[in-house]
Amino acid sequence: MTACKKPLTGKQQLVYQYIENQLLGGTCPSVEEILRWTQPGRSTISGGSSMRCILKILEKKGWIKMSPSRHRSIQLTETDK
């Protein structure tokens with residue numbers, strides 16, 4: 001049985017949808033790739049910690065799972081919306 005997921009803000013939903021699309025396409029995106037897609041033209045250096053914070057929130061809310069010791073380790077908690 002799947003735990004109840006907490007609702008997402010607009011930015012969190014945008015990030016989740018990008019991750020979901022990339023994973024369905026067979027690629028796990030990096031933090032930098034997510035930043036480039038959500039913030040085109042902005043520096044990825046200044047936004048990296050903010051994106052990691054969003055990813056941690058997505059994990060805490062039950063939408064994704066990550067392995068802190070592995071690069072590109074994002075997984076969806078379930079395939080159904």
# chains A, B, ... in the order shown; residues from 1 in each chain; ligands from 1
$ select_by_dssp --residues "chain A" --states "alpha helix (DSSP H)" --output "PyMOL selection string"
chain A and resi 10-24+31-38+44-60
$ residues_around --residues "Trp37 in chain A" --least-positions-apart "3" --cutoff "9 Å" --atoms "only C-alpha atoms" --output "PyMOL selection string"
chain A and resi 15+18+32-34+40
$ write_last_selection --atoms "N, CA and C atoms" --output "mmCIF file, in the first residue's frame"
data_model
loop_
_atom_site.group_PDB
_atom_site.id
_atom_site.type_symbol
_atom_site.label_atom_id
_atom_site.label_comp_id
_atom_site.auth_asym_id
_atom_site.auth_seq_id
_atom_site.Cartn_x
_atom_site.Cartn_y
_atom_site.Cartn_z
ATOM 1 N N VAL A 15 9.221 20.559 -11.300
ATOM 2 C CA VAL A 15 10.419 19.727 -11.165
ATOM 3 C C VAL A 15 10.045 18.250 -11.212
ATOM 4 N N TYR A 18 9.225 17.109 -14.765
ATOM 5 C CA TYR A 18 10.434 16.966 -15.577
ATOM 6 C C TYR A 18 11.144 15.655 -15.232
ATOM 7 N N GLU A 32 21.974 19.454 -12.189
ATOM 8 C CA GLU A 32 22.306 20.491 -13.168
ATOM 9 C C GLU A 32 21.348 20.469 -14.358
ATOM 10 N N GLU A 33 20.973 19.274 -14.824
ATOM 11 C CA GLU A 33 20.039 19.169 -15.947
ATOM 12 C C GLU A 33 18.654 19.687 -15.562
ATOM 13 N N ILE A 34 18.225 19.393 -14.350
ATOM 14 C CA ILE A 34 16.931 19.887 -13.881
ATOM 15 C C ILE A 34 16.963 21.410 -13.812
ATOM 16 N N PRO A 40 16.129 28.224 -17.602
ATOM 17 C CA PRO A 40 16.995 28.428 -18.769
ATOM 18 C C PRO A 40 17.694 29.784 -18.732
#
$ select_by_dssp --residues "chain A" --states "strand (DSSP E or B)" --output "number ranges by chain"
A: 64-65, 75-76
$ closest_atom_pairs --of "range 3-53 of chain A" --to "range 62-77 of chain A" --cutoff "9 Å" --atoms "only C-alpha atoms" --output "tab-separated table"
residue	atom	partner	partner_atom	distance
A:Ala3	CA	A:Gly62	CA	7.5
A:Cys4	CA	A:Gly62	CA	7.6
A:Lys5	CA	A:Gly62	CA	5.2
A:Lys6	CA	A:Gly62	CA	6.9
A:Tyr16	CA	A:Trp63	CA	7.8
A:Ile19	CA	A:Ile74	CA	8.1
A:Glu20	CA	A:Leu76	CA	7.2
A:Leu23	CA	A:Gln75	CA	7.9
A:Thr27	CA	A:Arg72	CA	8.8
A:Cys28	CA	A:Arg72	CA	5.5
A:Pro29	CA	A:Arg72	CA	6.1
A:Ser30	CA	A:Arg72	CA	5.4
A:Val31	CA	A:Arg72	CA	8.1
$ write_last_selection --atoms "all heavy atoms" --output "compact mmCIF listing (two decimals), in the first residue's frame"
# COMPACT_ATOMS: atom_id res chain seq x y z
N ALA A 3 1.86 5.13 0.71
CA ALA A 3 1.56 6.18 1.67
C ALA A 3 0.98 7.38 0.93
O ALA A 3 1.26 7.61 -0.24
CB ALA A 3 2.83 6.58 2.41
N CYS A 4 0.19 8.16 1.63
CA CYS A 4 -0.43 9.36 1.06
C CYS A 4 0.64 10.41 0.79
O CYS A 4 1.46 10.72 1.65
CB CYS A 4 -1.47 9.90 2.02
SG CYS A 4 -2.39 11.28 1.36
N LYS A 5 0.63 10.94 -0.41
CA LYS A 5 1.60 11.97 -0.79
C LYS A 5 1.04 13.34 -0.43
O LYS A 5 -0.15 13.59 -0.57
CB LYS A 5 1.86 11.92 -2.29
CG LYS A 5 2.55 10.67 -2.74
CD LYS A 5 2.72 10.72 -4.23
CE LYS A 5 3.43 9.49 -4.73
NZ LYS A 5 3.56 9.51 -6.18
N LYS A 6 1.93 14.23 0.01
CA LYS A 6 1.53 15.59 0.32
C LYS A 6 1.51 16.41 -0.97
O LYS A 6 2.29 16.15 -1.88
CB LYS A 6 2.48 16.20 1.33
CG LYS A 6 2.40 15.51 2.68
CD LYS A 6 3.28 16.17 3.69
CE LYS A 6 3.16 15.43 5.02
NZ LYS A 6 3.99 16.04 6.05
N TYR A 16 8.98 17.87 -10.50
CA TYR A 16 8.55 16.48 -10.49
C TYR A 16 8.18 16.00 -11.90
O TYR A 16 8.56 14.92 -12.32
CB TYR A 16 7.36 16.28 -9.54
CG TYR A 16 6.85 14.86 -9.57
CD1 TYR A 16 7.50 13.86 -8.87
CD2 TYR A 16 5.74 14.52 -10.33
CE1 TYR A 16 7.05 12.55 -8.92
CE2 TYR A 16 5.28 13.21 -10.40
CZ TYR A 16 5.95 12.23 -9.69
OH TYR A 16 5.51 10.94 -9.76
N ILE A 19 11.30 15.37 -13.95
CA ILE A 19 11.95 14.13 -13.52
C ILE A 19 11.17 12.93 -14.04
O ILE A 19 11.75 11.99 -14.59
CB ILE A 19 12.06 14.08 -11.98
CG1 ILE A 19 13.04 15.14 -11.49
CG2 ILE A 19 12.50 12.68 -11.52
CD1 ILE A 19 13.01 15.36 -9.99
N GLU A 20 9.86 12.97 -13.88
CA GLU A 20 9.00 11.86 -14.33
C GLU A 20 9.18 11.62 -15.84
O GLU A 20 9.36 10.48 -16.28
CB GLU A 20 7.55 12.17 -14.01
CG GLU A 20 6.59 11.08 -14.44
CD GLU A 20 5.15 11.44 -14.11
OE1 GLU A 20 4.73 12.58 -14.41
OE2 GLU A 20 4.46 10.57 -13.56
N LEU A 23 12.64 10.08 -16.53
CA LEU A 23 12.72 8.68 -16.11
C LEU A 23 11.92 7.77 -17.03
O LEU A 23 12.35 6.66 -17.35
CB LEU A 23 12.25 8.53 -14.66
CG LEU A 23 13.19 9.12 -13.60
CD1 LEU A 23 12.54 9.08 -12.23
CD2 LEU A 23 14.52 8.40 -13.59
N THR A 27 16.14 8.01 -18.73
CA THR A 27 17.29 8.75 -18.23
C THR A 27 16.96 9.38 -16.89
O THR A 27 15.93 10.02 -16.75
CB THR A 27 17.67 9.89 -19.20
OG1 THR A 27 17.92 9.34 -20.48
CG2 THR A 27 18.90 10.64 -18.72
N CYS A 28 17.86 9.22 -15.92
CA CYS A 28 17.70 9.90 -14.64
C CYS A 28 18.45 11.22 -14.74
O CYS A 28 19.66 11.25 -14.97
CB CYS A 28 18.27 9.05 -13.51
SG CYS A 28 18.04 9.81 -11.90
N PRO A 29 17.75 12.35 -14.59
CA PRO A 29 18.41 13.65 -14.74
C PRO A 29 19.29 14.00 -13.55
O PRO A 29 19.04 13.58 -12.42
CB PRO A 29 17.24 14.63 -14.83
CG PRO A 29 16.14 13.98 -14.05
CD PRO A 29 16.32 12.50 -14.28
N SER A 30 20.33 14.78 -13.81
CA SER A 30 21.18 15.29 -12.75
C SER A 30 20.57 16.59 -12.23
O SER A 30 19.68 17.18 -12.86
CB SER A 30 22.59 15.57 -13.28
OG SER A 30 22.56 16.65 -14.19
N VAL A 31 21.05 17.07 -11.09
CA VAL A 31 20.59 18.33 -10.53
C VAL A 31 20.82 19.45 -11.54
O VAL A 31 19.95 20.30 -11.76
CB VAL A 31 21.31 18.64 -9.20
CG1 VAL A 31 20.99 20.04 -8.71
CG2 VAL A 31 20.94 17.61 -8.14
$ atom_distance --atom1 "CA of Leu24 in chain A" --atom2 "CA of Glu78 in chain A"
12.0 Å
$ closest_residue --among "A:Leu35, A:Gly26, A:Lys61, A:Pro7" --to "Ser49 in chain A" --atoms "only C-alpha atoms"
A:Leu35
